[in-house]
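Structure file start_15.tsv; described as TSV, C-alpha atoms.
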```
chain	number	residue	atom	x	y	z
C	1	MET	CA	103.52	104.46	71.51
C	2	ARG	CA	106.18	105.01	74.13
C	3	LYS	CA	107.49	101.93	75.92
C	4	ILE	CA	107.99	102.93	79.54
C	5	ALA	CA	109.09	101.18	82.71
C	6	ILE	CA	108.57	102.48	86.23
C	7	ILE	CA	110.91	101.10	88.90
C	8	GLY	CA	109.38	101.79	92.28
C	9	GLY	CA	111.67	102.19	95.25
C	10	THR	CA	110.85	102.32	98.96
C	11	GLY	CA	107.28	103.51	99.44
C	12	VAL	CA	106.35	103.26	95.74
C	13	TYR	CA	104.87	99.79	95.54
C	14	SER	CA	101.67	100.00	93.49
C	15	PRO	CA	100.69	103.40	92.07
C	16	GLU	CA	96.92	103.75	91.76
C	17	ALA	CA	97.20	104.75	88.10
C	18	LEU	CA	98.61	101.29	87.35
C	19	ALA	CA	95.78	99.40	89.05
C	20	GLY	CA	94.56	96.44	87.04
C	21	PHE	CA	97.88	95.78	85.35
C	22	GLU	CA	98.65	92.11	84.60
C	23	GLU	CA	101.30	90.44	86.74
C	24	LYS	CA	103.84	88.42	84.81
C	25	VAL	CA	107.05	86.63	85.78
C	26	ILE	CA	109.80	87.23	83.23
C	27	THR	CA	112.53	84.58	83.15
C	28	THR	CA	116.01	85.90	82.39
C	29	PRO	CA	119.53	84.41	82.38
C	30	TYR	CA	119.98	86.02	85.81
C	31	GLY	CA	116.77	84.84	87.45
C	32	ASP	CA	113.10	85.78	87.43
C	33	ALA	CA	111.65	89.28	87.58
C	34	LEU	CA	108.07	90.03	88.62
C	35	CYS	CA	106.54	92.71	86.42
C	36	LYS	CA	103.17	94.37	86.07
C	37	LEU	CA	102.21	95.12	82.48
C	38	GLY	CA	99.53	97.35	81.01
C	39	THR	CA	98.67	100.34	78.85
C	40	LEU	CA	98.19	103.88	80.11
C	41	HIS	CA	97.68	107.11	78.14
C	42	GLY	CA	98.33	105.17	74.96
C	43	ASN	CA	101.71	103.91	76.12
C	44	GLN	CA	103.05	100.48	77.06
C	45	VAL	CA	103.94	100.54	80.75
C	46	VAL	CA	105.82	98.01	82.88
C	47	PHE	CA	106.09	98.37	86.66
C	48	ILE	CA	108.69	96.69	88.86
C	49	THR	CA	108.88	96.93	92.64
C	50	ARG	CA	112.61	97.07	93.23
C	51	HIS	CA	112.52	95.59	96.74
C	52	GLY	CA	109.96	92.89	95.94
C	53	VAL	CA	106.63	92.13	97.56
C	54	GLY	CA	106.42	93.55	101.07
C	55	HIS	CA	109.84	95.20	100.79
C	56	SER	CA	111.47	91.79	101.23
C	57	VAL	CA	114.73	92.29	99.30
C	58	PRO	CA	117.54	94.42	100.82
C	59	PRO	CA	119.32	96.88	98.50
C	60	HIS	CA	122.53	94.86	98.17
C	61	LYS	CA	120.58	91.76	97.11
C	62	VAL	CA	118.23	93.29	94.55
C	63	ASN	CA	118.60	91.31	91.30
C	64	TYR	CA	119.39	94.38	89.23
C	65	ARG	CA	120.51	92.40	86.18
C	66	ALA	CA	117.33	90.32	86.08
C	67	ASN	CA	115.16	93.44	86.41
C	68	ILE	CA	116.92	95.38	83.65
C	69	TRP	CA	117.13	92.33	81.34
C	70	ALA	CA	113.39	91.71	81.83
C	71	LEU	CA	112.55	95.31	80.96
C	72	LYS	CA	114.72	95.17	77.84
C	73	SER	CA	113.09	91.90	76.75
C	74	LEU	CA	109.68	93.58	77.02
C	75	GLY	CA	110.77	96.29	74.58
C	76	THR	CA	111.22	99.03	77.18
C	77	GLU	CA	112.85	102.19	75.89
C	78	GLU	CA	112.42	104.56	78.85
C	79	ILE	CA	112.94	103.88	82.56
C	80	PHE	CA	111.68	106.21	85.27
C	81	ALA	CA	113.12	105.13	88.63
C	82	THR	CA	112.21	106.39	92.09
C	83	THR	CA	114.49	106.33	95.12
C	84	ALA	CA	114.15	107.33	98.75
C	85	VAL	CA	117.23	109.21	99.93
C	86	GLY	CA	118.86	111.02	102.80
C	87	SER	CA	120.08	114.55	102.17
C	88	LEU	CA	123.61	115.92	102.54
C	89	ASN	CA	122.47	119.27	101.21
C	90	ARG	CA	120.54	121.46	103.65
C	91	GLU	CA	118.67	123.05	100.72
C	92	MET	CA	117.24	119.64	99.82
C	93	LYS	CA	114.76	119.05	102.60
C	94	ALA	CA	112.40	116.21	103.52
C	95	GLY	CA	109.59	116.01	100.96
C	96	HIS	CA	111.62	117.62	98.19
C	97	PHE	CA	112.08	115.80	94.87
C	98	VAL	CA	115.46	115.81	93.16
C	99	VAL	CA	115.98	115.05	89.45
C	100	CYS	CA	119.51	113.74	89.74
C	101	ASP	CA	122.13	114.57	87.11
C	102	GLN	CA	125.22	112.93	88.62
C	103	ALA	CA	126.17	109.92	90.77
C	104	ILE	CA	129.05	108.56	92.82
C	105	ASP	CA	129.34	104.80	93.36
C	106	PHE	CA	130.41	103.53	96.78
C	107	THR	CA	128.91	100.05	96.43
C	108	LYS	CA	131.25	97.13	97.10
C	109	SER	CA	129.87	93.70	96.29
C	110	ARG	CA	127.43	94.14	93.41
C	111	VAL	CA	127.82	92.88	89.86
C	112	ASN	CA	127.58	96.07	87.82
C	113	THR	CA	127.80	94.88	84.20
C	114	PHE	CA	126.35	92.48	81.66
C	115	TYR	CA	129.78	92.28	80.02
C	116	ASP	CA	131.55	89.78	82.23
C	117	THR	CA	131.52	86.55	80.22
C	118	PRO	CA	133.69	85.27	77.33
C	119	GLU	CA	130.57	85.02	75.17
C	120	ARG	CA	129.57	88.66	75.61
C	121	GLY	CA	133.12	89.97	75.76
C	122	VAL	CA	134.47	93.13	77.34
C	123	ALA	CA	132.85	96.53	76.92
C	124	HIS	CA	133.30	99.94	78.52
C	125	VAL	CA	130.14	102.02	78.43
C	126	ASP	CA	130.38	105.81	78.57
C	127	PHE	CA	128.88	107.01	81.85
C	128	THR	CA	129.94	110.65	81.83
C	129	ASN	CA	126.33	111.66	82.41
C	130	PRO	CA	124.62	108.77	84.21
C	131	TYR	CA	121.05	109.93	83.60
C	132	CYS	CA	119.34	110.46	80.26
C	133	SER	CA	119.15	114.18	79.43
C	134	ARG	CA	115.97	113.70	77.39
C	135	LEU	CA	114.06	111.99	80.21
C	136	ARG	CA	115.42	114.39	82.82
C	137	ALA	CA	114.00	117.30	80.80
C	138	LYS	CA	110.62	115.55	80.59
C	139	VAL	CA	110.50	114.93	84.36
C	140	ILE	CA	111.48	118.53	85.09
C	141	LYS	CA	108.76	119.78	82.74
C	142	CYS	CA	106.19	117.61	84.53
C	143	LEU	CA	107.32	118.85	87.95
C	144	GLU	CA	107.14	122.47	86.87
C	145	LYS	CA	103.39	122.01	86.41
C	146	THR	CA	102.93	120.91	90.03
C	147	ALA	CA	103.34	122.45	93.47
C	148	ILE	CA	105.90	119.79	94.45
C	149	PRO	CA	109.13	121.37	95.76
C	150	PHE	CA	111.98	120.05	93.61
C	151	HIS	CA	115.55	120.54	92.45
C	152	LYS	CA	116.62	120.23	88.82
C	153	THR	CA	120.03	118.75	89.65
C	154	GLY	CA	121.66	116.67	92.36
C	155	CYS	CA	124.48	114.20	92.87
C	156	TYR	CA	123.36	110.79	94.16
C	157	VAL	CA	125.88	108.87	96.29
C	158	CYS	CA	125.12	105.15	96.31
C	159	THR	CA	126.30	103.12	99.30
C	160	GLU	CA	126.29	99.36	99.82
C	161	GLY	CA	123.83	99.18	102.69
C	162	PRO	CA	121.81	97.81	104.25
C	163	ARG	CA	123.19	99.79	107.19
C	164	PHE	CA	122.90	103.55	107.23
C	165	GLU	CA	126.08	105.58	106.84
C	166	THR	CA	128.40	106.92	109.53
C	167	ALA	CA	128.63	110.64	110.20
C	168	ALA	CA	132.24	110.58	108.89
C	169	GLU	CA	131.13	108.93	105.64
C	170	ILE	CA	128.43	111.55	105.14
C	171	LYS	CA	130.96	114.32	105.73
C	172	MET	CA	133.26	112.74	103.12
C	173	PHE	CA	130.46	112.34	100.57
C	174	ALA	CA	129.54	116.01	100.97
C	175	MET	CA	133.17	117.04	100.48
C	176	LEU	CA	133.19	115.02	97.23
C	177	GLY	CA	130.17	116.91	95.93
C	178	GLY	CA	127.38	114.55	96.92
C	179	ASP	CA	123.91	115.93	97.62
C	180	LEU	CA	121.94	112.76	98.38
C	181	VAL	CA	122.69	109.32	99.72
C	182	GLY	CA	120.84	106.12	98.88
C	183	MET	CA	121.46	102.41	98.35
C	184	THR	CA	119.86	101.41	95.04
C	185	ASN	CA	120.62	103.61	92.04
C	186	LEU	CA	123.80	101.72	91.20
C	187	PRO	CA	124.32	99.40	89.42
C	188	GLU	CA	120.74	99.81	88.18
C	189	SER	CA	121.51	102.93	86.15
C	190	VAL	CA	124.72	101.43	84.72
C	191	LEU	CA	122.95	98.28	83.56
C	192	ALA	CA	120.20	100.34	81.93
C	193	ARG	CA	122.86	102.28	80.03
C	194	GLU	CA	124.57	99.07	78.88
C	195	ALA	CA	121.18	97.76	77.74
C	196	GLU	CA	120.73	100.96	75.68
C	197	MET	CA	117.63	102.19	77.49
C	198	CYS	CA	117.00	105.77	78.57
C	199	TYR	CA	117.07	106.00	82.38
C	200	THR	CA	116.24	108.79	84.76
C	201	ASN	CA	115.94	108.89	88.54
C	202	CYS	CA	113.77	111.09	90.70
C	203	SER	CA	114.79	110.95	94.35
C	204	ILE	CA	112.51	111.77	97.27
C	205	VAL	CA	114.27	113.24	100.28
C	206	THR	CA	113.00	111.49	103.40
C	207	ASN	CA	115.44	112.74	106.04
C	208	MET	CA	118.73	114.50	106.64
C	209	ALA	CA	121.69	112.12	106.60
C	210	ALA	CA	123.74	110.86	109.56
C	211	GLY	CA	125.57	113.57	111.44
C	212	ILE	CA	123.21	116.19	109.98
C	213	SER	CA	119.99	114.71	111.34
C	214	PRO	CA	119.49	115.60	115.02
C	215	THR	CA	118.18	112.08	115.73
C	216	PRO	CA	119.37	108.54	114.98
C	217	LEU	CA	118.26	107.24	111.57
C	218	SER	CA	115.58	104.58	111.25
C	219	HIS	CA	113.83	102.77	108.42
C	220	SER	CA	110.45	103.61	109.92
C	221	GLU	CA	111.31	107.29	109.55
C	222	VAL	CA	111.95	106.73	105.84
C	223	VAL	CA	108.70	104.78	105.36
C	224	GLU	CA	106.71	107.45	107.22
C	225	ALA	CA	108.20	110.24	105.11
C	226	MET	CA	107.53	108.27	101.93
C	227	ALA	CA	103.89	107.83	102.91
C	228	GLN	CA	103.56	111.61	102.97
C	229	SER	CA	105.28	112.01	99.59
C	230	GLY	CA	103.67	108.99	97.93
C	231	LYS	CA	100.74	110.92	96.46
C	232	ASN	CA	103.11	113.45	94.94
C	233	MET	CA	105.17	110.68	93.34
C	234	ALA	CA	102.06	108.95	92.03
C	235	GLN	CA	101.01	112.27	90.47
C	236	LEU	CA	104.44	112.68	88.87
C	237	ILE	CA	104.53	109.12	87.53
C	238	GLU	CA	101.17	109.51	85.82
C	239	ALA	CA	102.15	112.91	84.39
C	240	PHE	CA	105.38	111.43	83.03
C	241	ILE	CA	103.52	108.58	81.34
C	242	ALA	CA	100.88	110.97	79.94
C	243	ASP	CA	103.38	113.45	78.48
C	244	ASN	CA	103.54	112.34	74.86
C	245	SER	CA	104.61	115.75	73.61
C	246	GLU	CA	107.70	116.19	71.46
C	247	ASP	CA	110.91	116.09	73.50
C	248	THR	CA	113.03	119.21	73.86
C	249	GLU	CA	116.24	117.23	74.35
C	250	THR	CA	117.92	114.44	72.40
C	251	CYS	CA	120.08	111.58	73.64
C	252	ASN	CA	122.25	108.72	72.40
C	253	CYS	CA	121.14	106.13	74.97
C	254	ALA	CA	119.67	103.76	72.37
C	255	HIS	CA	122.98	103.59	70.51
C	256	CYS	CA	125.56	103.96	73.28
C	257	MET	CA	126.95	100.43	72.78
C	258	ALA	CA	127.32	100.75	68.99
C	259	GLU	CA	131.12	100.58	69.32
C	260	PHE	CA	130.68	97.05	70.73
C	261	GLY	CA	128.06	95.90	68.25
C	262	GLY	CA	125.07	97.10	70.26
C	263	PHE	CA	123.43	95.37	73.19
C	264	LYS	CA	121.91	91.99	72.39
C	265	LEU	CA	119.66	89.85	74.54
```

When written as structure tokens, how does the structure in this file appear?
Amino acid sequence: MRKIAIIGGTGVYSPEALAGFEEKVITTPYGDALCKLGTLHGNQVVFITRHGVGHSVPPHKVNYRANIWALKSLGTEEIFATTAVGSLNREMKAGHFVVCDQAIDFTKSRVNTFYDTPERGVAHVDFTNPYCSRLRAKVIKCLEKTAIPFHKTGCYVCTEGPRFETAAEIKMFAMLGGDLVGMTNLPESVLAREAEMCYTNCSIVTNMAAGISPTPLSHSEVVEAMAQSGKNMAQLIEAFIADNSEDTETCNCAHCMAEFGGFKL
């Protein structure tokens, strides 16, 4: 049995395949996390809505540590995260999915580690490749069986939000090698790595970024675009959960903190 978590971003609030899952509040040292738990295709599945009920939590105030701690406490080994993003890359158009392989962190005020207390000590996790190669390969394999337009690689630039970016910032991010811009993938992916869970992100392009888009950006534009791509994401999520075939890639995610004695709840 695989132990999987789905973290739903903007527009991914309650996939139909997960209907009937039990809601449970998980208490952690960092606060409570609302999870939906169930079994699908023979696997344990946990679902978390990143922005809370009714999209009530802005990206800079998401309790990333509580969410990741809760998933770890439930035995989660694999995390599939979704994100809605703007595109800096004209080849990555609205409606396209991107299986990110790199990230750049431009957040400013977020706590991005579990290792910040005397009790837990200091640790420096390797983050050379921010996304699990094993899970990325599985997602790509699932996408190759669909008609969804997608890209096998992409660099996700994470900004603080909740405002959208300036045209100058977008130009800078593109010069640094960024392909996509969003507000939520960090520190979520870092915390998952520290907690020794495999983590992959599939981004949905909703619009071209500031200075590239011919019109001013709006949240309603993002929500509308996500509504159109929601069925595709629901299809991908179920395919990912159902794919219990042998993996073609290996990873060290479950042991990446061995130098520091491993991650302990």

Quiz item: Quick one: residues within 12 Å of Gly261 (chain C), all atoms listed in the file counted, chain neighbours fewer than 2 positions away excluded, as an NGL selection string?
Solution: :C and (120-123 or 194-196 or 255-259 or 263-264)

Exercise. May I have the residues within 9 Å of Glu78 (chain C) as a ChimeraX atom specification, using only C-alpha atoms and disregarding those fewer than 5 positions away in the same chain?
Key: /C:2-6,135,197-200

Could you give me, as a tab-separated table (two decimals) with C-alpha atoms, keeping the file's coordinate frame, the residues within 12 Å of Phe150 (chain C), counting all atoms listed in the file and dropping anything in the same chain fewer than 4 positions from it?
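Heads up, here's the output in result_15.tsv:
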```tsv
chain	number	residue	atom	x	y	z
C	91	GLU	CA	118.67	123.05	100.72
C	92	MET	CA	117.24	119.64	99.82
C	93	LYS	CA	114.76	119.05	102.60
C	94	ALA	CA	112.40	116.21	103.52
C	95	GLY	CA	109.59	116.01	100.96
C	96	HIS	CA	111.62	117.62	98.19
C	97	PHE	CA	112.08	115.80	94.87
C	98	VAL	CA	115.46	115.81	93.16
C	99	VAL	CA	115.98	115.05	89.45
C	100	CYS	CA	119.51	113.74	89.74
C	139	VAL	CA	110.50	114.93	84.36
C	140	ILE	CA	111.48	118.53	85.09
C	141	LYS	CA	108.76	119.78	82.74
C	142	CYS	CA	106.19	117.61	84.53
C	143	LEU	CA	107.32	118.85	87.95
C	144	GLU	CA	107.14	122.47	86.87
C	145	LYS	CA	103.39	122.01	86.41
C	146	THR	CA	102.93	120.91	90.03
C	154	GLY	CA	121.66	116.67	92.36
C	202	CYS	CA	113.77	111.09	90.70
C	203	SER	CA	114.79	110.95	94.35
C	204	ILE	CA	112.51	111.77	97.27
C	205	VAL	CA	114.27	113.24	100.28
C	232	ASN	CA	103.11	113.45	94.94
C	233	MET	CA	105.17	110.68	93.34
C	236	LEU	CA	104.44	112.68	88.87
```

Self-check item: Nearest to Val181 (chain C), chosen from C:Phe21, C:Phe127, C:Phe106, C:Tyr30, with all atoms listed in the file counted in the distances
Solution: C:Phe106

Self-check item: Atom-to-atom span, CA of Ala137 (chain C) and CA of Gln228 (chain C), Å
Solution: 25.2 Å

Exercise. Grab the CA of Thr128 (chain C) to CA of Thr83 (chain C) distance for me, in Å with one decimal place.
Key: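 About the pair CA of Thr128 (chain C) and CA of Thr83 (chain C): they are 20.8 Å apart.
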
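A straight line drawn from CA of Phe260 (chain C) to CA of Val190 (chain C) is 15.8 Å long.
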
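Ranking C:Ser73, C:Thr166, C:Ser133, C:Thr184 by their shortest atom-to-atom distance to Glu249 (chain C), with all atoms listed in the file included, puts C:Ser133 first.
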
Quiz item: What's the 12 Å shell around Pro58 (chain C), counting all atoms listed in the file, without same-chain residues fewer than 6 positions away, as a ChimeraX atom specification?
Solution: /C:9-10,50-52,64,160-163,183-184,219
